[in-house]
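Here is the structure we will look at, set down as structure tokens.
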Amino acid sequence: MSVFGKGVARICAVVATPSAHEFRKLVRQAARETPTVELRLDWLANDRERHKALDWLKRAAPRGANYIATCRRRAGGGELPGGVSEELFWLMKAREAGCTWCDLEMETLRELPGKSVAGYALPPKVMLSIHDFRRTPKLPARMKVRERDGVDAVKVAAMSQRLSDSLRLLRAAGGTRRVVAVPMGEIGLPARILSLREGSALVYAPVAAATAPGQVPLGDLKELYRAHALTGKTRVYGVIGNPIEHSMSPLLHNAGYVAAKKDAVYLPFLVENLGEFVELVAELGIAGFSVTIPHKQKILRYLDECEPLAEKIGAVNTVTVMRGGKLAGSNTDYVGVLKALENKMQLKGSRVVIFGAGGAARAAAFALAKAGVEVLVCARREEAARELARAVHGGVIPRRALRREQFDALLNATPVGMHPHAERSPLEAAELNCALVLDLIYRPLQTKLLRMASGRGIPAASGVEMFVAQGIAQWELWMGCRAPGAAMRAAVLKKLRLEEKSPG
Ligand code: NAP
């Protein structure tokens with residue numbers, strides 16, 4: 001058992017706010033979720049707010065929680081303007097207010113007489129913390145905690161510049177249950193979610209929204225990723241891309257695992273170097289992964305086998321790890337396009353324009369052609385349009401013809417109009433002469449293109465149905481059973497609608 005307890009107690013909610021008033025609200029909120037709460041006293045705006053916050057903590061804080069007081073100096077990457085004596089003053093005040101733990105930086109310990117906390121009325125348990133905000137330093141294979149310094153746990157928080165850094169940090173922390181590993185940054189995020197399973201004593205999560213890349217808000221860490229419940233038996237999946245921060249795939253897949261009670265987790269991997277990721281698939285125990293921009297084409301060269309259709313499309317969005325670690329590629333964007341259109345129009349015998357000739361356009365073109373659609377490709381690079389049209393036995397349509405001709409449907413397969421450039425549209429209103437417009441973009445739900453189509457009385461469909469359908473197809477491929485599609489779709493729509501209400 002970790003020195004902080006077991007189960008949810010190993011998730012530490014972080015309260016970091018400038019106002020004592022907000023502090024009270026956040027502490028109450030945190031204590032409802034987990035009995036381990038870090039209080040970032042250095043974040044409070046000034047000494048007055050710190051006094052107010054600690055007075056309240058002493059009188060009225062929820063009982064039964066383990067409060068960890070942290071008052072990090074600016075020199076150590078915190079917000080406290082003073083020196084070591086100010087830091088110690090506030091930590092001693094925190095003890096009076098009922099904090100059972102404190103976080104003390106290595107730099108502070110080094111400045112104490114005899115490099116020991118003996119003689120200071122600090123909270124009874126001390127976590128010694130070591131930070132490296134730039135990189136992951138050299139680490140012993142297994143870190144040990146020396147109790148003779150009056151230290152009860154050690155925390156190492158280090159920036160991950162590559163995935164292997166974060167794994168190295170987890171390995172060093174594993175085993176003792178007194179070492180806390182915090183792989184920092186967006187690259188370190190998957191390792192952070194897996195850190196409890198790998199033996200870290202604690203994982204941190206902000207109560208409110210994340211304040212830095214690589215942080216997962218408390219609600220998501222507990223409910224969506226279930227970080228405290230992951231074990232060696234949990235199947236690990238994920239999505240690779242760059243950027244990946246705004247991917248909805250973790251929400252889609254994890255919502256499915258929660259609804260279907262599957263012991264599986266799906267993580268977002270920010271992957272710059274595809275080769276490095278592929279090499280670590282076995283070490284991470286990954287059973288399958290989704291692939292997004294910019295790796296959908298490049299991943300083909302790392303595969304041991306590939307579904308013929310995905311090979312023809314030239315893009316893979318799904319990789320399954322087979323027995324012996326072999327990688328098998330497939331494409332579910334194909335299924336997604338058909339699902340998005342099947343209830344909205346009669347596909348067989350229709351004429352559909354695809355605007356764009358990239359990966360998604362290719363998946364759509366192959367899917368539609370196979371469903372008996374006459375595919376017309378319109379792209380700014382004529383050669384790309386011709387090549388795709390040839391591959392699906394379709395035609396090329398020049399942009400100027402869009403104003404004159406009538407089509408059964410038009411698909412936008414370019415990223416023009418996607419968040420954060422929602423004010424843009426790939427086409428003008430006069431170019432929409434069709435019975436249906438499908439925008440493959442799903443963020444925002446209502447793109448400018450779709451609003452223009454509705455303005456002309458044309459039924460308009462968001463790419464969200466395609467996104468959900470391609471994800472469900474992956475989920476079913478990996479889990480080998482029917483996906484809880486309604487729950488997965490509802491989770492994604494809820495988030496997108498919330499975003500729409502409060503953009504930015
Ligand atoms: P991609 O491979 O990069 O292809 C993008 C295509 O758009 C290329 O043909 C590109 O032309 C064209 N394009 C880019 N900017 C343009 C502009 N200003 N004017 C005209 N054409 C332009 O990207 P992708 O993977 O196909 O993705 C395209 C869109 O589909 C993205 O918004 C993506 O989010 C969406 N998508 C949605 C789903 C879903 O499930 N709903 C799935 C996959 C993709 P050049 O080659 O000349 O640059």
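In the structure tokens, the first chain shown is A, the next is B, and so on; residue numbers restart at 1 for each chain, and ligands run from 1 in the order shown.
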
Could you give me, as number ranges by chain, the residues within 7 Å of Gln470 (chain A), counting only C-alpha atoms and dropping anything in the same chain fewer than 2 positions from it?
A: 332-333, 335-336, 466-468, 472-474

Go ahead and write the selection's residues with all heavy atoms as a compact mmCIF listing (two decimals), in the first residue's frame.
# COMPACT_ATOMS: atom_id res chain seq x y z
N THR A 332 -11.09 2.84 -40.50
CA THR A 332 -12.50 2.88 -40.14
C THR A 332 -13.14 4.23 -40.52
O THR A 332 -14.33 4.40 -40.34
CB THR A 332 -12.74 2.60 -38.64
OG1 THR A 332 -12.12 3.64 -37.88
CG2 THR A 332 -12.20 1.26 -38.21
N ASP A 333 -12.33 5.18 -41.05
CA ASP A 333 -12.93 6.42 -41.56
C ASP A 333 -13.90 6.08 -42.69
O ASP A 333 -14.93 6.72 -42.89
CB ASP A 333 -11.85 7.36 -42.14
CG ASP A 333 -11.08 8.06 -41.03
OD1 ASP A 333 -11.61 8.16 -39.91
OD2 ASP A 333 -9.94 8.51 -41.29
N VAL A 335 -15.83 3.41 -42.93
CA VAL A 335 -17.14 3.04 -42.36
C VAL A 335 -17.85 4.29 -41.86
O VAL A 335 -19.07 4.44 -42.03
CB VAL A 335 -16.95 2.11 -41.13
CG1 VAL A 335 -18.26 1.63 -40.57
CG2 VAL A 335 -16.04 0.96 -41.47
N GLY A 336 -17.06 5.20 -41.27
CA GLY A 336 -17.62 6.41 -40.70
C GLY A 336 -18.37 7.24 -41.72
O GLY A 336 -19.49 7.71 -41.47
N MET A 466 -19.69 10.89 -38.35
CA MET A 466 -18.61 10.10 -38.94
C MET A 466 -17.56 9.79 -37.88
O MET A 466 -17.08 8.66 -37.76
CB MET A 466 -17.96 10.89 -40.08
CG MET A 466 -16.71 10.24 -40.62
SD MET A 466 -15.95 11.20 -41.92
CE MET A 466 -14.40 10.33 -42.12
N PHE A 467 -17.24 10.81 -37.07
CA PHE A 467 -16.24 10.63 -36.03
C PHE A 467 -16.67 9.53 -35.05
O PHE A 467 -15.89 8.63 -34.72
CB PHE A 467 -16.00 11.95 -35.30
CG PHE A 467 -15.13 11.78 -34.10
CD1 PHE A 467 -13.78 11.51 -34.23
CD2 PHE A 467 -15.67 11.84 -32.82
CE1 PHE A 467 -12.98 11.30 -33.12
CE2 PHE A 467 -14.88 11.63 -31.70
CZ PHE A 467 -13.54 11.37 -31.86
N VAL A 468 -17.92 9.62 -34.62
CA VAL A 468 -18.42 8.63 -33.66
C VAL A 468 -18.42 7.24 -34.31
O VAL A 468 -17.98 6.25 -33.70
CB VAL A 468 -19.84 9.02 -33.15
CG1 VAL A 468 -20.47 7.90 -32.36
CG2 VAL A 468 -19.76 10.29 -32.30
N ILE A 472 -16.49 3.96 -33.04
CA ILE A 472 -17.24 2.77 -32.62
C ILE A 472 -16.71 1.54 -33.36
O ILE A 472 -16.53 0.46 -32.78
CB ILE A 472 -18.76 2.97 -32.86
CG1 ILE A 472 -19.31 3.94 -31.80
CG2 ILE A 472 -19.52 1.64 -32.83
CD1 ILE A 472 -20.78 4.28 -31.94
N ALA A 473 -16.40 1.71 -34.64
CA ALA A 473 -15.87 0.58 -35.42
C ALA A 473 -14.53 0.12 -34.84
O ALA A 473 -14.27 -1.08 -34.74
CB ALA A 473 -15.71 0.99 -36.89
N GLN A 474 -13.69 1.07 -34.40
CA GLN A 474 -12.40 0.69 -33.78
C GLN A 474 -12.67 -0.04 -32.46
O GLN A 474 -12.06 -1.08 -32.17
CB GLN A 474 -11.58 1.95 -33.45
CG GLN A 474 -11.06 2.66 -34.67
CD GLN A 474 -10.29 3.93 -34.30
OE1 GLN A 474 -10.56 4.58 -33.30
NE2 GLN A 474 -9.33 4.28 -35.14

Spatial neighbours of Gly485 (chain A), 8 Å, only C-alpha atoms, chain gap at least 2 places, as a PDB file with all heavy atoms, in the first residue's frame:
ATOM      1  N   GLY A 256     -17.000   4.586 -23.608  1.00  0.00           N
ATOM      2  CA  GLY A 256     -17.462   3.240 -23.976  1.00  0.00           C
ATOM      3  C   GLY A 256     -17.001   2.195 -22.976  1.00  0.00           C
ATOM      4  O   GLY A 256     -17.769   1.306 -22.593  1.00  0.00           O
ATOM      5  N   ILE A 472     -16.489   3.964 -33.040  1.00  0.00           N
ATOM      6  CA  ILE A 472     -17.238   2.766 -32.624  1.00  0.00           C
ATOM      7  C   ILE A 472     -16.706   1.537 -33.362  1.00  0.00           C
ATOM      8  O   ILE A 472     -16.527   0.460 -32.781  1.00  0.00           O
ATOM      9  CB  ILE A 472     -18.757   2.966 -32.858  1.00  0.00           C
ATOM     10  CG1 ILE A 472     -19.306   3.940 -31.800  1.00  0.00           C
ATOM     11  CG2 ILE A 472     -19.517   1.642 -32.829  1.00  0.00           C
ATOM     12  CD1 ILE A 472     -20.782   4.279 -31.940  1.00  0.00           C
ATOM     13  N   ALA A 483     -20.430  -2.169 -29.273  1.00  0.00           N
ATOM     14  CA  ALA A 483     -20.067  -1.001 -28.458  1.00  0.00           C
ATOM     15  C   ALA A 483     -21.322  -0.350 -27.888  1.00  0.00           C
ATOM     16  O   ALA A 483     -22.378  -0.387 -28.523  1.00  0.00           O
ATOM     17  CB  ALA A 483     -19.322  -0.002 -29.327  1.00  0.00           C
ATOM     18  N   ALA A 487     -24.026   5.734 -25.488  1.00  0.00           N
ATOM     19  CA  ALA A 487     -23.277   6.398 -24.402  1.00  0.00           C
ATOM     20  C   ALA A 487     -22.049   7.112 -24.966  1.00  0.00           C
ATOM     21  O   ALA A 487     -21.696   8.214 -24.532  1.00  0.00           O
ATOM     22  CB  ALA A 487     -22.857   5.366 -23.363  1.00  0.00           C
ATOM     23  N   MET A 488     -21.400   6.499 -25.942  1.00  0.00           N
ATOM     24  CA  MET A 488     -20.186   7.091 -26.515  1.00  0.00           C
ATOM     25  C   MET A 488     -20.536   8.374 -27.269  1.00  0.00           C
ATOM     26  O   MET A 488     -19.906   9.417 -27.118  1.00  0.00           O
ATOM     27  CB  MET A 488     -19.512   6.066 -27.448  1.00  0.00           C
ATOM     28  CG  MET A 488     -18.948   4.869 -26.698  1.00  0.00           C
ATOM     29  SD  MET A 488     -18.492   3.476 -27.765  1.00  0.00           S
ATOM     30  CE  MET A 488     -16.982   4.062 -28.520  1.00  0.00           C
ATOM     31  N   ARG A 489     -21.603   8.296 -28.069  1.00  0.00           N
ATOM     32  CA  ARG A 489     -22.043   9.452 -28.850  1.00  0.00           C
ATOM     33  C   ARG A 489     -22.482  10.588 -27.922  1.00  0.00           C
ATOM     34  O   ARG A 489     -22.122  11.750 -28.117  1.00  0.00           O
ATOM     35  CB  ARG A 489     -23.207   9.005 -29.749  1.00  0.00           C
ATOM     36  CG  ARG A 489     -23.729  10.057 -30.662  1.00  0.00           C
ATOM     37  CD  ARG A 489     -24.767   9.446 -31.615  1.00  0.00           C
ATOM     38  NE  ARG A 489     -25.296  10.481 -32.470  1.00  0.00           N
ATOM     39  CZ  ARG A 489     -26.316  11.265 -32.131  1.00  0.00           C
ATOM     40  NH1 ARG A 489     -26.905  11.110 -30.964  1.00  0.00           N
ATOM     41  NH2 ARG A 489     -26.720  12.208 -32.960  1.00  0.00           N
TER      42      ARG A 489
END

Within 9 Å of Leu91 (chain A), counting only C-alpha atoms, which residues qualify if same-chain residues fewer than 6 places away don't, as an MDAnalysis selection string?
chainID A and resid 41 69:71 99 102:104 121:123

Taking 4 positions as the minimum chain separation for residues in the same chain, which residues sit within 6 Å of Ala409 (chain A) when counting only C-alpha atoms? Answer as JSON, numbers by chain.
{"A": [352, 434, 435, 436, 437]}

Quick one: pull the distance between CA of Glu223 (chain A) and CA of Pro420 (chain A), Å, one decimal.
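Calculated distance between CA of Glu223 (chain A) and CA of Pro420 (chain A) is 27.8 Å.
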
Non-local contacts of region 367-380 of chain A (10 Å; only C-alpha atoms; under 2 positions in same chain excluded) as a PyMOL selection string:
chain A and resi 309+313+333-338+341-342+346-358+361-365+382-402+407-408+410-414

Those in region 15-94 of chain A with helix (DSSP H, G or I) from DSSP, as a PyMOL selection string
chain A and resi 20-33+41-43+47-60+74-76+84-94

Could you write out that same residue set with N, CA and C atoms as a CSV table (one decimal), in the first residue's frame?
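Full text of out22.csv as output:
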chain,number,residue,atom,x,y,z
A,20,ALA,N,-8.7,33.2,-1.2
A,20,ALA,CA,-9.1,32.4,0.0
A,20,ALA,C,-10.5,31.9,-0.2
A,21,HIS,N,-11.3,32.8,-0.7
A,21,HIS,CA,-12.7,32.4,-0.9
A,21,HIS,C,-12.9,31.2,-1.8
A,22,GLU,N,-12.2,31.3,-3.0
A,22,GLU,CA,-12.2,30.2,-4.0
A,22,GLU,C,-11.5,29.0,-3.4
A,23,PHE,N,-10.5,29.2,-2.6
A,23,PHE,CA,-9.8,28.1,-1.9
A,23,PHE,C,-10.8,27.2,-1.1
A,24,ARG,N,-11.6,27.9,-0.4
A,24,ARG,CA,-12.6,27.1,0.5
A,24,ARG,C,-13.5,26.2,-0.4
A,25,LYS,N,-14.0,26.9,-1.5
A,25,LYS,CA,-14.8,26.1,-2.4
A,25,LYS,C,-14.1,24.9,-3.0
A,26,LEU,N,-12.9,25.2,-3.5
A,26,LEU,CA,-12.1,24.1,-4.1
A,26,LEU,C,-11.8,23.0,-3.2
A,27,VAL,N,-11.4,23.3,-1.9
A,27,VAL,CA,-11.1,22.3,-0.9
A,27,VAL,C,-12.3,21.4,-0.7
A,28,ARG,N,-13.5,22.0,-0.5
A,28,ARG,CA,-14.7,21.2,-0.3
A,28,ARG,C,-14.9,20.3,-1.5
A,29,GLN,N,-14.8,20.9,-2.7
A,29,GLN,CA,-15.0,20.1,-3.9
A,29,GLN,C,-14.0,18.9,-4.0
A,30,ALA,N,-12.8,19.2,-3.7
A,30,ALA,CA,-11.7,18.2,-3.7
A,30,ALA,C,-12.0,17.1,-2.8
A,31,ALA,N,-12.4,17.4,-1.5
A,31,ALA,CA,-12.5,16.4,-0.5
A,31,ALA,C,-13.7,15.5,-0.7
A,32,ARG,N,-14.6,16.0,-1.6
A,32,ARG,CA,-15.8,15.1,-2.0
A,32,ARG,C,-15.3,14.0,-2.9
A,33,GLU,N,-14.2,14.3,-3.6
A,33,GLU,CA,-13.7,13.3,-4.6
A,33,GLU,C,-12.6,12.4,-4.1
A,41,LEU,N,-0.3,26.7,-1.1
A,41,LEU,CA,-0.4,28.0,-0.4
A,41,LEU,C,0.3,29.1,-1.1
A,42,ASP,N,1.4,28.7,-1.9
A,42,ASP,CA,2.1,29.7,-2.6
A,42,ASP,C,1.2,30.4,-3.7
A,43,TRP,N,0.2,29.7,-4.1
A,43,TRP,CA,-0.7,30.3,-5.2
A,43,TRP,C,-1.6,31.4,-4.6
A,47,ASP,N,0.0,37.3,1.8
A,47,ASP,CA,0.0,36.7,3.1
A,47,ASP,C,-1.4,36.8,3.7
A,48,ARG,N,-2.2,37.9,3.4
A,48,ARG,CA,-3.5,38.0,4.0
A,48,ARG,C,-4.4,36.8,3.5
A,49,GLU,N,-4.3,36.5,2.2
A,49,GLU,CA,-5.2,35.4,1.7
A,49,GLU,C,-4.7,34.1,2.4
A,50,ARG,N,-3.4,34.0,2.5
A,50,ARG,CA,-2.9,32.7,3.1
A,50,ARG,C,-3.4,32.6,4.6
A,51,HIS,N,-3.3,33.7,5.4
A,51,HIS,CA,-3.9,33.6,6.7
A,51,HIS,C,-5.4,33.2,6.7
A,52,LYS,N,-6.1,33.9,5.8
A,52,LYS,CA,-7.5,33.6,5.7
A,52,LYS,C,-7.8,32.2,5.4
A,53,ALA,N,-7.1,31.7,4.4
A,53,ALA,CA,-7.3,30.3,4.0
A,53,ALA,C,-7.0,29.3,5.1
A,54,LEU,N,-5.8,29.5,5.8
A,54,LEU,CA,-5.4,28.6,6.9
A,54,LEU,C,-6.3,28.7,8.1
A,55,ASP,N,-6.8,29.9,8.4
A,55,ASP,CA,-7.8,30.0,9.5
A,55,ASP,C,-9.0,29.2,9.2
A,56,TRP,N,-9.5,29.3,8.0
A,56,TRP,CA,-10.7,28.5,7.6
A,56,TRP,C,-10.4,27.0,7.7
A,57,LEU,N,-9.2,26.7,7.2
A,57,LEU,CA,-8.9,25.2,7.2
A,57,LEU,C,-8.9,24.7,8.6
A,58,LYS,N,-8.4,25.5,9.6
A,58,LYS,CA,-8.3,25.0,11.0
A,58,LYS,C,-9.7,24.9,11.6
A,59,ARG,N,-10.6,25.9,11.2
A,59,ARG,CA,-12.0,25.9,11.8
A,59,ARG,C,-12.9,24.9,11.1
A,60,ALA,N,-12.9,25.0,9.8
A,60,ALA,CA,-14.1,24.4,9.1
A,60,ALA,C,-13.8,23.4,7.9
A,74,ARG,N,9.5,31.0,-5.6
A,74,ARG,CA,9.6,31.3,-7.0
A,74,ARG,C,10.9,30.6,-7.5
A,75,ALA,N,11.9,30.6,-6.7
A,75,ALA,CA,13.2,30.0,-7.1
A,75,ALA,C,13.0,28.5,-7.4
A,76,GLY,N,12.0,27.9,-6.8
A,76,GLY,CA,11.8,26.4,-7.1
A,76,GLY,C,10.6,26.2,-8.1
A,84,VAL,N,13.6,30.9,2.1
A,84,VAL,CA,13.3,29.6,2.8
A,84,VAL,C,12.6,29.9,4.1
A,85,SER,N,12.9,31.0,4.9
A,85,SER,CA,12.2,31.2,6.1
A,85,SER,C,10.7,31.4,6.0
A,86,GLU,N,10.4,32.1,4.9
A,86,GLU,CA,8.9,32.3,4.6
A,86,GLU,C,8.3,31.0,4.3
A,87,GLU,N,8.9,30.2,3.5
A,87,GLU,CA,8.4,28.9,3.1
A,87,GLU,C,8.1,28.1,4.4
A,88,LEU,N,9.1,28.0,5.3
A,88,LEU,CA,9.0,27.2,6.5
A,88,LEU,C,7.9,27.8,7.4
A,89,PHE,N,7.8,29.2,7.5
A,89,PHE,CA,6.8,29.8,8.3
A,89,PHE,C,5.4,29.3,7.9
A,90,TRP,N,5.2,29.3,6.6
A,90,TRP,CA,3.8,28.9,6.1
A,90,TRP,C,3.6,27.4,6.3
A,91,LEU,N,4.6,26.6,6.2
A,91,LEU,CA,4.4,25.2,6.4
A,91,LEU,C,4.2,24.9,7.8
A,92,MET,N,4.8,25.7,8.7
A,92,MET,CA,4.5,25.4,10.2
A,92,MET,C,3.1,25.9,10.5
A,93,LYS,N,2.6,27.0,9.9
A,93,LYS,CA,1.3,27.5,10.1
A,93,LYS,C,0.3,26.4,9.5
A,94,ALA,N,0.7,25.7,8.5
A,94,ALA,CA,-0.2,24.7,7.9
A,94,ALA,C,-0.3,23.5,8.9

Using only C-alpha atoms and all ligand atoms for the distances, tell me which of A:Asn254, A:Ser166, A:Ser425, A:Gln446 is nearest to ligand 1.
A:Ser425

Which of these residues is nearest to ligand 1, using only C-alpha atoms and all ligand atoms: A:Leu167, A:Leu498, A:Ala315, A:Cys306?
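Of A:Leu167, A:Leu498, A:Ala315, A:Cys306, the one nearest ligand 1, counting only C-alpha atoms and all ligand atoms, is A:Ala315.
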
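Each of A:Leu284, A:Ala490, A:Leu300, A:Val291 was checked against ligand 1 using only C-alpha atoms and all ligand atoms; the smallest atom-to-atom distance is that of A:Val291.
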
Could you name the residues that touch Leu224 (chain A) at 12 Å or less, counting only C-alpha atoms, but leaving out those on the same chain fewer than 2 positions away, as JSON, numbers by chain?
{"A": [193, 216, 217, 218, 219, 220, 221, 222, 226, 227, 228, 229, 230, 249, 250, 251, 252, 253, 254, 255, 256, 257, 258, 259, 261, 264, 265, 266, 267, 488, 491]}

Nearest candidate to ligand 1 (options A:Met452, A:Ala310, A:Ile293, A:Val37; using only C-alpha atoms and all ligand atoms):
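Closest to ligand 1, using only C-alpha atoms and all ligand atoms: A:Ile293.
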
In Å, how far is it from CA of Ala9 (chain A) to CA of Ser200 (chain A)?
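Going from CA of Ala9 (chain A) over to CA of Ser200 (chain A), I get 12.5 Å.
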
Determine which residues of region 260-413 of chain A DSSP labels as strand (DSSP E or B) from the backbone of this structure, then write them out as an MDAnalysis selection string.
chainID A and resid 264:270 286:291 305:306 318:321 327:330 351:355 374:378 395:396 407 409:412

Selected residues, C-alpha atoms, written as a PDB file, in the first residue's frame, please.
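So again07.pdb came out as:
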ATOM      1  CA  ALA A 264      -9.398  -0.965 -20.609  1.00  0.00           C
ATOM      2  CA  VAL A 265      -8.052   2.562 -20.912  1.00  0.00           C
ATOM      3  CA  TYR A 266      -7.455   4.792 -23.919  1.00  0.00           C
ATOM      4  CA  LEU A 267      -4.715   7.450 -23.755  1.00  0.00           C
ATOM      5  CA  PRO A 268      -3.718  10.461 -25.873  1.00  0.00           C
ATOM      6  CA  PHE A 269      -0.126  10.179 -27.141  1.00  0.00           C
ATOM      7  CA  LEU A 270       1.544  13.299 -28.496  1.00  0.00           C
ATOM      8  CA  ILE A 286      -0.480  -1.228 -25.999  1.00  0.00           C
ATOM      9  CA  ALA A 287      -3.096  -3.487 -27.597  1.00  0.00           C
ATOM     10  CA  GLY A 288      -4.217  -1.086 -30.322  1.00  0.00           C
ATOM     11  CA  PHE A 289      -4.106   2.558 -31.317  1.00  0.00           C
ATOM     12  CA  SER A 290      -5.889   5.094 -33.456  1.00  0.00           C
ATOM     13  CA  VAL A 291      -3.829   7.204 -35.808  1.00  0.00           C
ATOM     14  CA  GLU A 305       0.097  -6.304 -42.384  1.00  0.00           C
ATOM     15  CA  CYS A 306      -2.540  -3.991 -43.758  1.00  0.00           C
ATOM     16  CA  THR A 318      -6.527   1.997 -36.809  1.00  0.00           C
ATOM     17  CA  VAL A 319      -3.659  -0.241 -35.735  1.00  0.00           C
ATOM     18  CA  THR A 320      -4.220  -3.497 -33.884  1.00  0.00           C
ATOM     19  CA  VAL A 321      -1.349  -5.144 -32.042  1.00  0.00           C
ATOM     20  CA  LEU A 327       1.033  -4.449 -36.185  1.00  0.00           C
ATOM     21  CA  ALA A 328      -2.035  -4.707 -38.413  1.00  0.00           C
ATOM     22  CA  GLY A 329      -3.515  -1.597 -40.038  1.00  0.00           C
ATOM     23  CA  SER A 330      -7.052  -0.830 -41.139  1.00  0.00           C
ATOM     24  CA  ARG A 351     -23.526  12.154 -57.730  1.00  0.00           C
ATOM     25  CA  VAL A 352     -21.407  13.447 -54.875  1.00  0.00           C
ATOM     26  CA  VAL A 353     -18.662  16.082 -54.882  1.00  0.00           C
ATOM     27  CA  ILE A 354     -15.756  15.632 -52.482  1.00  0.00           C
ATOM     28  CA  PHE A 355     -13.918  18.876 -51.830  1.00  0.00           C
ATOM     29  CA  GLU A 374     -20.476   8.647 -58.846  1.00  0.00           C
ATOM     30  CA  VAL A 375     -17.600  10.426 -57.087  1.00  0.00           C
ATOM     31  CA  LEU A 376     -16.462  13.839 -58.335  1.00  0.00           C
ATOM     32  CA  VAL A 377     -13.284  15.238 -56.799  1.00  0.00           C
ATOM     33  CA  CYS A 378     -12.667  18.968 -56.533  1.00  0.00           C
ATOM     34  CA  GLY A 395     -14.332  12.286 -62.238  1.00  0.00           C
ATOM     35  CA  VAL A 396     -12.638  15.601 -61.552  1.00  0.00           C
ATOM     36  CA  PHE A 407     -25.261  17.488 -57.088  1.00  0.00           C
ATOM     37  CA  ALA A 409     -24.359  15.891 -51.928  1.00  0.00           C
ATOM     38  CA  LEU A 410     -21.179  17.822 -51.269  1.00  0.00           C
ATOM     39  CA  LEU A 411     -18.567  16.758 -48.706  1.00  0.00           C
ATOM     40  CA  ASN A 412     -15.973  19.103 -47.291  1.00  0.00           C
TER      41      ASN A 412
END

Using Å and a single decimal, report how far CA of Ser164 (chain A) sits from CA of Val151 (chain A).
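Interatomic distance here is 28.5 Å.
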
In terms of the shortest atom-to-atom distance over only C-alpha atoms and all ligand atoms, which of A:Glu465, A:Glu500, A:Asp132, A:Glu198 is closest to ligand 1?
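Comparing A:Glu465, A:Glu500, A:Asp132, A:Glu198 against ligand 1, the winner is A:Glu465.
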
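Distance check against ligand 1 using only C-alpha atoms and all ligand atoms: of A:Val271, A:Leu112, A:Leu432, A:Met418, the minimum falls on A:Met418.
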